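Asks: Pasting final-v4.cif below, which is mmCIF, N, CA and C atoms.
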```cif
data_upload
loop_
_atom_site.label_atom_id
_atom_site.label_comp_id
_atom_site.auth_asym_id
_atom_site.auth_seq_id
_atom_site.Cartn_x
_atom_site.Cartn_y
_atom_site.Cartn_z
N GLU A 1 28.59 138.61 -191.50
CA GLU A 1 27.94 139.63 -190.71
C GLU A 1 28.67 140.97 -190.83
N ASP A 2 30.02 140.94 -190.85
CA ASP A 2 30.78 142.17 -191.01
C ASP A 2 30.46 142.84 -192.34
N ASN A 3 30.29 142.00 -193.40
CA ASN A 3 29.95 142.55 -194.70
C ASN A 3 28.59 143.23 -194.68
N GLU A 4 27.65 142.66 -193.92
CA GLU A 4 26.33 143.28 -193.82
C GLU A 4 26.43 144.62 -193.10
N LEU A 5 27.23 144.68 -192.05
CA LEU A 5 27.42 145.95 -191.35
C LEU A 5 28.06 146.97 -192.27
N SER A 6 29.05 146.53 -193.03
CA SER A 6 29.71 147.43 -193.95
C SER A 6 28.75 147.94 -195.01
N ALA A 7 27.92 147.04 -195.54
CA ALA A 7 26.94 147.44 -196.55
C ALA A 7 25.90 148.38 -195.95
N ASP A 8 25.44 148.09 -194.75
CA ASP A 8 24.48 148.97 -194.07
C ASP A 8 25.09 150.33 -193.80
N TYR A 9 26.33 150.33 -193.32
CA TYR A 9 27.02 151.59 -193.03
C TYR A 9 27.20 152.40 -194.31
N ARG A 10 27.61 151.72 -195.38
CA ARG A 10 27.81 152.38 -196.67
C ARG A 10 26.51 152.99 -197.17
N HIS A 11 25.43 152.24 -197.04
CA HIS A 11 24.12 152.71 -197.48
C HIS A 11 23.70 153.95 -196.69
N GLU A 12 23.92 153.94 -195.39
CA GLU A 12 23.56 155.09 -194.55
C GLU A 12 24.43 156.30 -194.89
N LEU A 13 25.72 156.06 -195.12
CA LEU A 13 26.63 157.14 -195.49
C LEU A 13 26.19 157.78 -196.80
N GLU A 14 25.84 156.97 -197.78
CA GLU A 14 25.39 157.50 -199.06
C GLU A 14 24.08 158.26 -198.93
N ALA A 15 23.19 157.77 -198.08
CA ALA A 15 21.92 158.47 -197.84
C ALA A 15 22.18 159.82 -197.17
N GLN A 16 23.13 159.85 -196.25
CA GLN A 16 23.47 161.10 -195.57
C GLN A 16 24.05 162.13 -196.55
N VAL A 17 24.96 161.68 -197.41
CA VAL A 17 25.56 162.60 -198.39
C VAL A 17 24.48 163.10 -199.35
N ARG A 18 23.59 162.22 -199.77
CA ARG A 18 22.50 162.65 -200.67
C ARG A 18 21.64 163.71 -199.99
N ARG A 19 21.33 163.51 -198.71
CA ARG A 19 20.55 164.52 -197.98
C ARG A 19 21.30 165.85 -197.91
N GLN A 20 22.62 165.79 -197.75
CA GLN A 20 23.43 167.02 -197.72
C GLN A 20 23.36 167.74 -199.06
N ILE A 21 23.46 166.98 -200.14
CA ILE A 21 23.40 167.59 -201.47
C ILE A 21 22.02 168.20 -201.71
N GLU A 22 20.98 167.42 -201.43
CA GLU A 22 19.61 167.90 -201.65
C GLU A 22 19.28 169.09 -200.75
N GLY A 23 19.80 169.07 -199.53
CA GLY A 23 19.51 170.13 -198.57
C GLY A 23 20.39 171.36 -198.71
N ASP A 24 21.25 171.35 -199.73
CA ASP A 24 22.14 172.50 -199.95
C ASP A 24 22.96 172.80 -198.70
N ASP A 25 23.47 171.76 -198.06
CA ASP A 25 24.24 171.88 -196.82
C ASP A 25 25.50 172.72 -197.05
N PRO A 26 25.66 173.83 -196.32
CA PRO A 26 26.83 174.69 -196.50
C PRO A 26 28.14 174.00 -196.10
N ASN A 27 28.06 172.90 -195.36
CA ASN A 27 29.27 172.17 -194.97
C ASN A 27 29.78 171.26 -196.09
N LEU A 28 29.02 171.12 -197.15
CA LEU A 28 29.41 170.27 -198.26
C LEU A 28 29.89 171.14 -199.42
N SER A 29 31.14 171.58 -199.33
CA SER A 29 31.69 172.41 -200.40
C SER A 29 32.51 171.57 -201.39
N ARG A 30 32.90 170.38 -200.97
CA ARG A 30 33.66 169.46 -201.84
C ARG A 30 32.93 168.12 -201.85
N LEU A 31 32.60 167.64 -203.04
CA LEU A 31 31.94 166.36 -203.19
C LEU A 31 32.85 165.42 -203.97
N GLU A 32 33.25 164.33 -203.33
CA GLU A 32 34.06 163.31 -203.98
C GLU A 32 33.17 162.13 -204.32
N MET A 33 33.17 161.76 -205.58
CA MET A 33 32.39 160.60 -206.01
C MET A 33 33.33 159.48 -206.41
N GLY A 34 33.15 158.34 -205.79
CA GLY A 34 33.99 157.17 -206.05
C GLY A 34 33.92 156.25 -204.85
N LEU A 35 34.72 155.21 -204.86
CA LEU A 35 34.67 154.24 -203.76
C LEU A 35 35.06 154.84 -202.43
N ASP A 36 35.92 155.86 -202.46
CA ASP A 36 36.33 156.50 -201.21
C ASP A 36 35.43 157.67 -200.83
N GLY A 37 34.39 157.89 -201.60
CA GLY A 37 33.48 159.00 -201.34
C GLY A 37 32.05 158.57 -201.61
N TYR A 38 31.28 159.49 -202.11
CA TYR A 38 29.88 159.22 -202.45
C TYR A 38 29.85 158.31 -203.68
N HIS A 39 29.17 157.19 -203.58
CA HIS A 39 29.18 156.21 -204.66
C HIS A 39 27.77 155.70 -204.92
N PRO A 40 26.94 156.50 -205.58
CA PRO A 40 25.57 156.05 -205.87
C PRO A 40 25.59 154.96 -206.92
N PRO A 41 24.56 154.12 -206.94
CA PRO A 41 24.48 153.10 -207.99
C PRO A 41 24.34 153.76 -209.37
N HIS A 42 24.86 153.10 -210.39
CA HIS A 42 24.90 153.70 -211.74
C HIS A 42 23.52 154.10 -212.24
N TYR A 43 22.48 153.39 -211.85
CA TYR A 43 21.13 153.72 -212.33
C TYR A 43 20.59 155.00 -211.68
N MET A 44 21.27 155.52 -210.67
CA MET A 44 20.84 156.76 -210.01
C MET A 44 21.61 157.99 -210.50
N LEU A 45 22.56 157.80 -211.41
CA LEU A 45 23.44 158.91 -211.79
C LEU A 45 22.70 160.08 -212.43
N LYS A 46 21.68 159.82 -213.21
CA LYS A 46 20.91 160.92 -213.80
C LYS A 46 20.28 161.76 -212.70
N THR A 47 19.66 161.09 -211.73
CA THR A 47 19.02 161.79 -210.60
C THR A 47 20.05 162.52 -209.76
N VAL A 48 21.18 161.88 -209.50
CA VAL A 48 22.25 162.52 -208.71
C VAL A 48 22.77 163.75 -209.44
N GLY A 49 22.93 163.66 -210.75
CA GLY A 49 23.36 164.82 -211.54
C GLY A 49 22.38 165.97 -211.42
N GLU A 50 21.09 165.66 -211.43
CA GLU A 50 20.07 166.71 -211.29
C GLU A 50 20.12 167.35 -209.90
N ILE A 51 20.34 166.52 -208.88
CA ILE A 51 20.43 167.05 -207.51
C ILE A 51 21.65 167.96 -207.37
N ILE A 52 22.78 167.54 -207.93
CA ILE A 52 23.99 168.37 -207.90
C ILE A 52 23.74 169.65 -208.69
N GLY A 53 23.01 169.54 -209.79
CA GLY A 53 22.70 170.71 -210.61
C GLY A 53 21.93 171.77 -209.86
N ASN A 54 21.13 171.37 -208.88
CA ASN A 54 20.34 172.32 -208.08
C ASN A 54 21.06 172.81 -206.84
N ASN A 55 22.21 172.23 -206.52
CA ASN A 55 22.94 172.60 -205.32
C ASN A 55 23.67 173.92 -205.53
N THR A 56 23.72 174.75 -204.49
CA THR A 56 24.41 176.05 -204.60
C THR A 56 25.63 176.16 -203.70
N LYS A 57 25.98 175.08 -203.01
CA LYS A 57 27.10 175.13 -202.05
C LYS A 57 28.34 174.37 -202.50
N ILE A 58 28.18 173.39 -203.38
CA ILE A 58 29.33 172.61 -203.82
C ILE A 58 30.25 173.49 -204.66
N ARG A 59 31.51 173.56 -204.26
CA ARG A 59 32.50 174.37 -204.97
C ARG A 59 33.46 173.49 -205.77
N GLU A 60 33.63 172.24 -205.32
CA GLU A 60 34.58 171.34 -205.96
C GLU A 60 33.93 169.97 -206.13
N LEU A 61 33.98 169.46 -207.36
CA LEU A 61 33.43 168.14 -207.66
C LEU A 61 34.57 167.26 -208.17
N VAL A 62 34.78 166.13 -207.47
CA VAL A 62 35.85 165.19 -207.82
C VAL A 62 35.21 163.88 -208.27
N LEU A 63 35.57 163.44 -209.45
CA LEU A 63 35.08 162.17 -209.99
C LEU A 63 36.26 161.25 -210.20
N ASP A 64 36.27 160.11 -209.49
CA ASP A 64 37.37 159.19 -209.73
C ASP A 64 36.88 157.97 -210.48
N GLU A 65 37.80 157.10 -210.83
CA GLU A 65 37.49 155.99 -211.72
C GLU A 65 36.36 155.11 -211.21
N ASP A 66 36.15 155.08 -209.93
CA ASP A 66 35.10 154.23 -209.38
C ASP A 66 33.85 155.03 -209.02
N SER A 67 33.63 156.13 -209.70
CA SER A 67 32.48 156.98 -209.38
C SER A 67 31.16 156.38 -209.85
N GLY A 68 31.23 155.33 -210.65
CA GLY A 68 30.01 154.74 -211.19
C GLY A 68 29.68 155.27 -212.57
N ILE A 69 30.35 156.33 -212.97
CA ILE A 69 30.11 156.92 -214.29
C ILE A 69 31.05 156.22 -215.25
N SER A 70 30.63 155.03 -215.67
CA SER A 70 31.56 154.16 -216.39
C SER A 70 31.22 153.97 -217.86
N THR A 71 30.14 154.55 -218.32
CA THR A 71 29.81 154.43 -219.74
C THR A 71 29.53 155.82 -220.29
N GLU A 72 29.62 155.94 -221.60
CA GLU A 72 29.35 157.23 -222.23
C GLU A 72 27.94 157.71 -221.89
N CYS A 73 26.99 156.79 -221.86
CA CYS A 73 25.61 157.14 -221.54
C CYS A 73 25.51 157.72 -220.14
N ASN A 74 26.20 157.10 -219.19
CA ASN A 74 26.18 157.59 -217.82
C ASN A 74 26.78 159.00 -217.72
N TRP A 75 27.86 159.25 -218.46
CA TRP A 75 28.47 160.58 -218.44
C TRP A 75 27.44 161.61 -218.91
N GLU A 76 26.82 161.31 -220.03
CA GLU A 76 25.87 162.25 -220.63
C GLU A 76 24.70 162.53 -219.69
N GLU A 77 24.12 161.47 -219.13
CA GLU A 77 22.98 161.64 -218.22
C GLU A 77 23.38 162.40 -216.96
N PHE A 78 24.52 162.08 -216.40
CA PHE A 78 24.99 162.73 -215.18
C PHE A 78 25.23 164.21 -215.43
N PHE A 79 25.98 164.54 -216.47
CA PHE A 79 26.32 165.94 -216.71
C PHE A 79 25.18 166.75 -217.29
N CYS A 80 24.16 166.12 -217.81
CA CYS A 80 22.97 166.84 -218.22
C CYS A 80 22.37 167.54 -217.00
N GLY A 81 22.34 166.85 -215.87
CA GLY A 81 21.84 167.45 -214.63
C GLY A 81 22.83 168.42 -214.02
N VAL A 82 24.11 168.02 -213.97
CA VAL A 82 25.15 168.87 -213.37
C VAL A 82 25.27 170.19 -214.12
N SER A 83 24.94 170.20 -215.41
CA SER A 83 25.10 171.41 -216.22
C SER A 83 24.30 172.60 -215.68
N HIS A 84 23.33 172.35 -214.82
CA HIS A 84 22.53 173.44 -214.24
C HIS A 84 23.19 174.06 -213.01
N ASN A 85 24.27 173.46 -212.53
CA ASN A 85 24.95 173.97 -211.34
C ASN A 85 25.70 175.26 -211.67
N ARG A 86 25.63 176.22 -210.75
CA ARG A 86 26.32 177.50 -210.95
C ARG A 86 27.34 177.79 -209.85
N SER A 87 27.55 176.83 -208.93
CA SER A 87 28.46 177.07 -207.82
C SER A 87 29.80 176.35 -207.94
N ILE A 88 29.86 175.30 -208.77
CA ILE A 88 31.11 174.53 -208.87
C ILE A 88 32.18 175.38 -209.53
N GLN A 89 33.30 175.50 -208.81
CA GLN A 89 34.44 176.27 -209.31
C GLN A 89 35.54 175.38 -209.86
N LYS A 90 35.59 174.15 -209.35
CA LYS A 90 36.68 173.25 -209.74
C LYS A 90 36.11 171.86 -210.02
N LEU A 91 36.50 171.30 -211.16
CA LEU A 91 36.08 169.96 -211.56
C LEU A 91 37.33 169.13 -211.75
N ILE A 92 37.38 167.99 -211.04
CA ILE A 92 38.56 167.12 -211.08
C ILE A 92 38.16 165.73 -211.55
N PHE A 93 38.79 165.27 -212.61
CA PHE A 93 38.65 163.89 -213.06
C PHE A 93 39.91 163.17 -212.62
N ARG A 94 39.75 162.10 -211.85
CA ARG A 94 40.91 161.37 -211.33
C ARG A 94 40.83 159.92 -211.79
N SER A 95 41.82 159.50 -212.57
CA SER A 95 41.93 158.12 -213.06
C SER A 95 40.68 157.68 -213.80
N CYS A 96 40.15 158.55 -214.64
CA CYS A 96 38.93 158.25 -215.38
C CYS A 96 39.24 157.89 -216.83
N ASN A 97 38.40 157.04 -217.40
CA ASN A 97 38.44 156.76 -218.82
C ASN A 97 37.50 157.77 -219.46
N LEU A 98 38.04 158.71 -220.19
CA LEU A 98 37.22 159.77 -220.78
C LEU A 98 36.74 159.41 -222.18
N PHE A 99 36.79 158.12 -222.53
CA PHE A 99 36.28 157.60 -223.78
C PHE A 99 36.83 158.36 -224.97
N ARG A 100 35.99 158.67 -225.90
CA ARG A 100 36.44 159.38 -227.11
C ARG A 100 36.21 160.88 -226.98
N GLY A 101 36.15 161.36 -225.77
CA GLY A 101 35.97 162.79 -225.56
C GLY A 101 34.53 163.23 -225.52
N THR A 102 33.59 162.29 -225.59
CA THR A 102 32.17 162.67 -225.60
C THR A 102 31.80 163.38 -224.30
N ILE A 103 32.54 163.16 -223.24
CA ILE A 103 32.29 163.85 -221.98
C ILE A 103 32.37 165.36 -222.18
N PHE A 104 33.28 165.80 -223.03
CA PHE A 104 33.46 167.24 -223.21
C PHE A 104 32.26 167.87 -223.90
N THR A 105 31.64 167.15 -224.81
CA THR A 105 30.42 167.64 -225.45
C THR A 105 29.32 167.76 -224.40
N ALA A 106 29.24 166.77 -223.51
CA ALA A 106 28.22 166.79 -222.45
C ALA A 106 28.47 167.93 -221.46
N LEU A 107 29.71 168.37 -221.35
CA LEU A 107 30.06 169.44 -220.40
C LEU A 107 29.84 170.86 -220.94
N VAL A 108 29.65 171.01 -222.23
CA VAL A 108 29.51 172.34 -222.83
C VAL A 108 28.44 173.18 -222.13
N PRO A 109 27.23 172.66 -221.88
CA PRO A 109 26.23 173.50 -221.19
C PRO A 109 26.70 173.95 -219.80
N PHE A 110 27.45 173.10 -219.11
CA PHE A 110 28.00 173.46 -217.81
C PHE A 110 29.00 174.60 -217.96
N PHE A 111 29.90 174.47 -218.93
CA PHE A 111 30.89 175.51 -219.17
C PHE A 111 30.24 176.84 -219.55
N LYS A 112 29.21 176.78 -220.39
CA LYS A 112 28.53 177.99 -220.85
C LYS A 112 27.76 178.68 -219.73
N GLY A 113 27.12 177.90 -218.86
CA GLY A 113 26.22 178.47 -217.87
C GLY A 113 26.83 178.80 -216.53
N ASN A 114 28.03 178.31 -216.24
CA ASN A 114 28.61 178.50 -214.92
C ASN A 114 29.76 179.49 -214.97
N SER A 115 29.47 180.74 -214.69
CA SER A 115 30.51 181.77 -214.73
C SER A 115 31.46 181.68 -213.54
N ASN A 116 31.15 180.85 -212.54
CA ASN A 116 32.03 180.67 -211.38
C ASN A 116 33.10 179.61 -211.63
N PHE A 117 32.96 178.83 -212.70
CA PHE A 117 33.90 177.74 -212.97
C PHE A 117 35.27 178.31 -213.31
N GLU A 118 36.30 177.79 -212.62
CA GLU A 118 37.65 178.32 -212.79
C GLU A 118 38.71 177.29 -213.14
N SER A 119 38.49 176.03 -212.76
CA SER A 119 39.59 175.07 -212.85
C SER A 119 39.11 173.68 -213.27
N LEU A 120 39.81 173.12 -214.24
CA LEU A 120 39.57 171.75 -214.69
C LEU A 120 40.86 170.98 -214.53
N GLU A 121 40.80 169.85 -213.81
CA GLU A 121 41.98 169.01 -213.62
C GLU A 121 41.66 167.61 -214.11
N MET A 122 42.61 167.01 -214.82
CA MET A 122 42.51 165.62 -215.23
C MET A 122 43.79 164.93 -214.76
N VAL A 123 43.65 164.04 -213.79
CA VAL A 123 44.80 163.37 -213.19
C VAL A 123 44.74 161.89 -213.54
N ASN A 124 45.78 161.41 -214.22
CA ASN A 124 45.86 159.99 -214.60
C ASN A 124 44.63 159.51 -215.37
N CYS A 125 44.17 160.33 -216.31
CA CYS A 125 42.98 159.97 -217.10
C CYS A 125 43.39 159.44 -218.47
N GLU A 126 42.57 158.54 -218.98
CA GLU A 126 42.79 158.03 -220.33
C GLU A 126 42.06 158.95 -221.31
N LEU A 127 42.83 159.53 -222.20
CA LEU A 127 42.27 160.48 -223.16
C LEU A 127 42.93 160.21 -224.51
N GLU A 128 42.13 159.80 -225.48
CA GLU A 128 42.66 159.51 -226.81
C GLU A 128 43.08 160.82 -227.49
N ASP A 129 44.14 160.73 -228.29
CA ASP A 129 44.63 161.91 -229.00
C ASP A 129 43.55 162.58 -229.83
N SER A 130 42.68 161.78 -230.42
CA SER A 130 41.66 162.30 -231.32
C SER A 130 40.63 163.18 -230.61
N CYS A 131 40.56 163.11 -229.29
CA CYS A 131 39.54 163.91 -228.61
C CYS A 131 40.09 165.20 -228.01
N ILE A 132 41.36 165.49 -228.24
CA ILE A 132 41.92 166.75 -227.77
C ILE A 132 41.16 167.92 -228.39
N HIS A 133 40.79 167.79 -229.66
CA HIS A 133 40.02 168.84 -230.33
C HIS A 133 38.68 169.09 -229.63
N LEU A 134 38.01 168.01 -229.22
CA LEU A 134 36.74 168.15 -228.50
C LEU A 134 36.94 168.89 -227.18
N LEU A 135 38.03 168.59 -226.50
CA LEU A 135 38.34 169.28 -225.24
C LEU A 135 38.56 170.77 -225.48
N VAL A 136 39.37 171.10 -226.46
CA VAL A 136 39.66 172.51 -226.76
C VAL A 136 38.39 173.24 -227.17
N THR A 137 37.55 172.62 -227.99
CA THR A 137 36.29 173.21 -228.41
C THR A 137 35.38 173.47 -227.21
N ALA A 138 35.30 172.51 -226.31
CA ALA A 138 34.45 172.67 -225.12
C ALA A 138 34.98 173.77 -224.22
N LEU A 139 36.29 173.81 -224.01
CA LEU A 139 36.87 174.82 -223.13
C LEU A 139 36.74 176.23 -223.71
N ALA A 140 36.65 176.32 -225.02
CA ALA A 140 36.50 177.63 -225.67
C ALA A 140 35.12 178.24 -225.43
N LYS A 141 34.21 177.49 -224.84
CA LYS A 141 32.83 177.97 -224.66
C LYS A 141 32.69 178.92 -223.48
N PHE A 142 33.73 179.11 -222.71
CA PHE A 142 33.63 180.04 -221.58
C PHE A 142 34.96 180.73 -221.37
N ASP A 143 34.91 181.84 -220.64
CA ASP A 143 36.15 182.58 -220.46
C ASP A 143 36.54 182.75 -218.99
N SER A 144 35.93 181.99 -218.10
CA SER A 144 36.26 182.13 -216.68
C SER A 144 37.35 181.16 -216.22
N LEU A 145 37.81 180.27 -217.12
CA LEU A 145 38.80 179.27 -216.74
C LEU A 145 40.12 179.95 -216.36
N LYS A 146 40.60 179.66 -215.16
CA LYS A 146 41.86 180.23 -214.68
C LYS A 146 42.96 179.17 -214.63
N GLU A 147 42.56 177.89 -214.56
CA GLU A 147 43.55 176.84 -214.39
C GLU A 147 43.13 175.57 -215.12
N PHE A 148 44.06 175.02 -215.88
CA PHE A 148 43.84 173.72 -216.55
C PHE A 148 45.14 172.96 -216.52
#
```
Please, can you express the file's structure as structure tokens?

Replies:
Amino acid sequence: EDNELSADYRHELEAQVRRQIEGDDPNLSRLEMGLDGYHPPHYMLKTVGEIIGNNTKIRELVLDEDSGISTECNWEEFFCGVSHNRSIQKLIFRSCNLFRGTIFTALVPFFKGNSNFESLEMVNCELEDSCIHLLVTALAKFDSLKEF
């Protein structure tokens, strides 16, 4: 029974956060995605990315290892939508597997279109040496970066 309450509570919390994102809630300036934050099911990531892409209040987006974005396909679908966002100033990857750097290719439209973006952080992320070039190429697509 406690597990059912926890699942019901979790479902309501996720629905509330989704309403905040969709409603452009000014109180939602930082969005954390993962087990300790907003954790939509993986099949919803494309839709969630599109909703975040339309939001104008989120200033900081944090993605941790349990964000549900666990495959290259999920990264691409999620960031295809997020790439339309123009309010995010800081993007934080925390304990993420960044695969072979394909995430950086998916982020190029976001970097190009968001002149407010200032900071990229990668904390305890797995990044193969071979994808450093992809990261540098992606970061070269904009000139507003103040912190990396």

Asks: Enumerate, as a compact mmCIF listing (two decimals) with N, CA and C atoms, in the coordinates of the input, the residues matched when the PyMOL selection byres (((chain A and resi 49-55 and name CA) around 12) and name CA) is run on the file above.

Replies:
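Written out: out-v3.txt:
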```
# COMPACT_ATOMS: atom_id res chain seq x y z
N VAL A 17 24.96 161.68 -197.41
CA VAL A 17 25.56 162.60 -198.39
C VAL A 17 24.48 163.10 -199.35
N ARG A 18 23.59 162.22 -199.77
CA ARG A 18 22.50 162.65 -200.67
C ARG A 18 21.64 163.71 -199.99
N ARG A 19 21.33 163.51 -198.71
CA ARG A 19 20.55 164.52 -197.98
C ARG A 19 21.30 165.85 -197.91
N GLN A 20 22.62 165.79 -197.75
CA GLN A 20 23.43 167.02 -197.72
C GLN A 20 23.36 167.74 -199.06
N ILE A 21 23.46 166.98 -200.14
CA ILE A 21 23.40 167.59 -201.47
C ILE A 21 22.02 168.20 -201.71
N GLU A 22 20.98 167.42 -201.43
CA GLU A 22 19.61 167.90 -201.65
C GLU A 22 19.28 169.09 -200.75
N GLY A 23 19.80 169.07 -199.53
CA GLY A 23 19.51 170.13 -198.57
C GLY A 23 20.39 171.36 -198.71
N ASP A 24 21.25 171.35 -199.73
CA ASP A 24 22.14 172.50 -199.95
C ASP A 24 22.96 172.80 -198.70
N ASP A 25 23.47 171.76 -198.06
CA ASP A 25 24.24 171.88 -196.82
C ASP A 25 25.50 172.72 -197.05
N PRO A 26 25.66 173.83 -196.32
CA PRO A 26 26.83 174.69 -196.50
C PRO A 26 28.14 174.00 -196.10
N LEU A 28 29.02 171.12 -197.15
CA LEU A 28 29.41 170.27 -198.26
C LEU A 28 29.89 171.14 -199.42
N SER A 29 31.14 171.58 -199.33
CA SER A 29 31.69 172.41 -200.40
C SER A 29 32.51 171.57 -201.39
N ARG A 30 32.90 170.38 -200.97
CA ARG A 30 33.66 169.46 -201.84
C ARG A 30 32.93 168.12 -201.85
N LEU A 31 32.60 167.64 -203.04
CA LEU A 31 31.94 166.36 -203.19
C LEU A 31 32.85 165.42 -203.97
N GLU A 32 33.25 164.33 -203.33
CA GLU A 32 34.06 163.31 -203.98
C GLU A 32 33.17 162.13 -204.32
N MET A 33 33.17 161.76 -205.58
CA MET A 33 32.39 160.60 -206.01
C MET A 33 33.33 159.48 -206.41
N PRO A 40 26.94 156.50 -205.58
CA PRO A 40 25.57 156.05 -205.87
C PRO A 40 25.59 154.96 -206.92
N HIS A 42 24.86 153.10 -210.39
CA HIS A 42 24.90 153.70 -211.74
C HIS A 42 23.52 154.10 -212.24
N TYR A 43 22.48 153.39 -211.85
CA TYR A 43 21.13 153.72 -212.33
C TYR A 43 20.59 155.00 -211.68
N MET A 44 21.27 155.52 -210.67
CA MET A 44 20.84 156.76 -210.01
C MET A 44 21.61 157.99 -210.50
N LEU A 45 22.56 157.80 -211.41
CA LEU A 45 23.44 158.91 -211.79
C LEU A 45 22.70 160.08 -212.43
N LYS A 46 21.68 159.82 -213.21
CA LYS A 46 20.91 160.92 -213.80
C LYS A 46 20.28 161.76 -212.70
N THR A 47 19.66 161.09 -211.73
CA THR A 47 19.02 161.79 -210.60
C THR A 47 20.05 162.52 -209.76
N VAL A 48 21.18 161.88 -209.50
CA VAL A 48 22.25 162.52 -208.71
C VAL A 48 22.77 163.75 -209.44
N THR A 56 23.72 174.75 -204.49
CA THR A 56 24.41 176.05 -204.60
C THR A 56 25.63 176.16 -203.70
N LYS A 57 25.98 175.08 -203.01
CA LYS A 57 27.10 175.13 -202.05
C LYS A 57 28.34 174.37 -202.50
N ILE A 58 28.18 173.39 -203.38
CA ILE A 58 29.33 172.61 -203.82
C ILE A 58 30.25 173.49 -204.66
N ARG A 59 31.51 173.56 -204.26
CA ARG A 59 32.50 174.37 -204.97
C ARG A 59 33.46 173.49 -205.77
N GLU A 60 33.63 172.24 -205.32
CA GLU A 60 34.58 171.34 -205.96
C GLU A 60 33.93 169.97 -206.13
N LEU A 61 33.98 169.46 -207.36
CA LEU A 61 33.43 168.14 -207.66
C LEU A 61 34.57 167.26 -208.17
N ILE A 69 30.35 156.33 -212.97
CA ILE A 69 30.11 156.92 -214.29
C ILE A 69 31.05 156.22 -215.25
N ASN A 74 26.20 157.10 -219.19
CA ASN A 74 26.18 157.59 -217.82
C ASN A 74 26.78 159.00 -217.72
N TRP A 75 27.86 159.25 -218.46
CA TRP A 75 28.47 160.58 -218.44
C TRP A 75 27.44 161.61 -218.91
N GLU A 76 26.82 161.31 -220.03
CA GLU A 76 25.87 162.25 -220.63
C GLU A 76 24.70 162.53 -219.69
N GLU A 77 24.12 161.47 -219.13
CA GLU A 77 22.98 161.64 -218.22
C GLU A 77 23.38 162.40 -216.96
N PHE A 78 24.52 162.08 -216.40
CA PHE A 78 24.99 162.73 -215.18
C PHE A 78 25.23 164.21 -215.43
N PHE A 79 25.98 164.54 -216.47
CA PHE A 79 26.32 165.94 -216.71
C PHE A 79 25.18 166.75 -217.29
N CYS A 80 24.16 166.12 -217.81
CA CYS A 80 22.97 166.84 -218.22
C CYS A 80 22.37 167.54 -217.00
N GLY A 81 22.34 166.85 -215.87
CA GLY A 81 21.84 167.45 -214.63
C GLY A 81 22.83 168.42 -214.02
N VAL A 82 24.11 168.02 -213.97
CA VAL A 82 25.15 168.87 -213.37
C VAL A 82 25.27 170.19 -214.12
N SER A 83 24.94 170.20 -215.41
CA SER A 83 25.10 171.41 -216.22
C SER A 83 24.30 172.60 -215.68
N HIS A 84 23.33 172.35 -214.82
CA HIS A 84 22.53 173.44 -214.24
C HIS A 84 23.19 174.06 -213.01
N ASN A 85 24.27 173.46 -212.53
CA ASN A 85 24.95 173.97 -211.34
C ASN A 85 25.70 175.26 -211.67
N ARG A 86 25.63 176.22 -210.75
CA ARG A 86 26.32 177.50 -210.95
C ARG A 86 27.34 177.79 -209.85
N SER A 87 27.55 176.83 -208.93
CA SER A 87 28.46 177.07 -207.82
C SER A 87 29.80 176.35 -207.94
N ILE A 88 29.86 175.30 -208.77
CA ILE A 88 31.11 174.53 -208.87
C ILE A 88 32.18 175.38 -209.53
N PRO A 109 27.23 172.66 -221.88
CA PRO A 109 26.23 173.50 -221.19
C PRO A 109 26.70 173.95 -219.80
N PHE A 110 27.45 173.10 -219.11
CA PHE A 110 28.00 173.46 -217.81
C PHE A 110 29.00 174.60 -217.96
N GLY A 113 27.12 177.90 -218.86
CA GLY A 113 26.22 178.47 -217.87
C GLY A 113 26.83 178.80 -216.53
N ASN A 114 28.03 178.31 -216.24
CA ASN A 114 28.61 178.50 -214.92
C ASN A 114 29.76 179.49 -214.97
```

Asks: Can you spell out as a PyMOL selection string the set of residues that the PyMOL selection byres ((chain A and resi 126) around 5) selects in the structure I just provided?

Replies: chain A and resi 96-98+124-125+127-128

Asks: Among chain A, which residues does DSSP mark as strand (DSSP E) when it is run on the backbone? Keep the chain and numbering as in the structure and answer as number ranges by chain.

Replies: A: 30-33, 60-64, 90-94, 119-123

Asks: Report the residues of range 14-103 of chain A whose backbone DSSP state falls under alpha helix (DSSP H), written as a PyMOL selection string.

Replies: chain A and resi 14-22+45-54+72-82+102-103

Asks: For Leu135 in chain A, please output as a VMD selection string all residues within 9 Å (counting only C-alpha atoms; exclusion window: fewer than 3 positions along the same chain).

Replies: chain A and resid 101 103 to 105 131 to 132 138 to 140

Asks: Just write the chosen residues, N, CA and C atoms, as an mmCIF file, keeping the file's coordinate frame.

Replies:
```cif
data_model
loop_
_atom_site.group_PDB
_atom_site.id
_atom_site.type_symbol
_atom_site.label_atom_id
_atom_site.label_comp_id
_atom_site.auth_asym_id
_atom_site.auth_seq_id
_atom_site.Cartn_x
_atom_site.Cartn_y
_atom_site.Cartn_z
ATOM 1 N N GLY A 101 36.150 161.360 -225.770
ATOM 2 C CA GLY A 101 35.970 162.790 -225.560
ATOM 3 C C GLY A 101 34.530 163.230 -225.520
ATOM 4 N N ILE A 103 32.540 163.160 -223.240
ATOM 5 C CA ILE A 103 32.290 163.850 -221.980
ATOM 6 C C ILE A 103 32.370 165.360 -222.180
ATOM 7 N N PHE A 104 33.280 165.800 -223.030
ATOM 8 C CA PHE A 104 33.460 167.240 -223.210
ATOM 9 C C PHE A 104 32.260 167.870 -223.900
ATOM 10 N N THR A 105 31.640 167.150 -224.810
ATOM 11 C CA THR A 105 30.420 167.640 -225.450
ATOM 12 C C THR A 105 29.320 167.760 -224.400
ATOM 13 N N CYS A 131 40.560 163.110 -229.290
ATOM 14 C CA CYS A 131 39.540 163.910 -228.610
ATOM 15 C C CYS A 131 40.090 165.200 -228.010
ATOM 16 N N ILE A 132 41.360 165.490 -228.240
ATOM 17 C CA ILE A 132 41.920 166.750 -227.770
ATOM 18 C C ILE A 132 41.160 167.920 -228.390
ATOM 19 N N ALA A 138 35.300 172.510 -226.310
ATOM 20 C CA ALA A 138 34.450 172.670 -225.120
ATOM 21 C C ALA A 138 34.980 173.770 -224.220
ATOM 22 N N LEU A 139 36.290 173.810 -224.010
ATOM 23 C CA LEU A 139 36.870 174.820 -223.130
ATOM 24 C C LEU A 139 36.740 176.230 -223.710
ATOM 25 N N ALA A 140 36.650 176.320 -225.020
ATOM 26 C CA ALA A 140 36.500 177.630 -225.670
ATOM 27 C C ALA A 140 35.120 178.240 -225.430
#
```
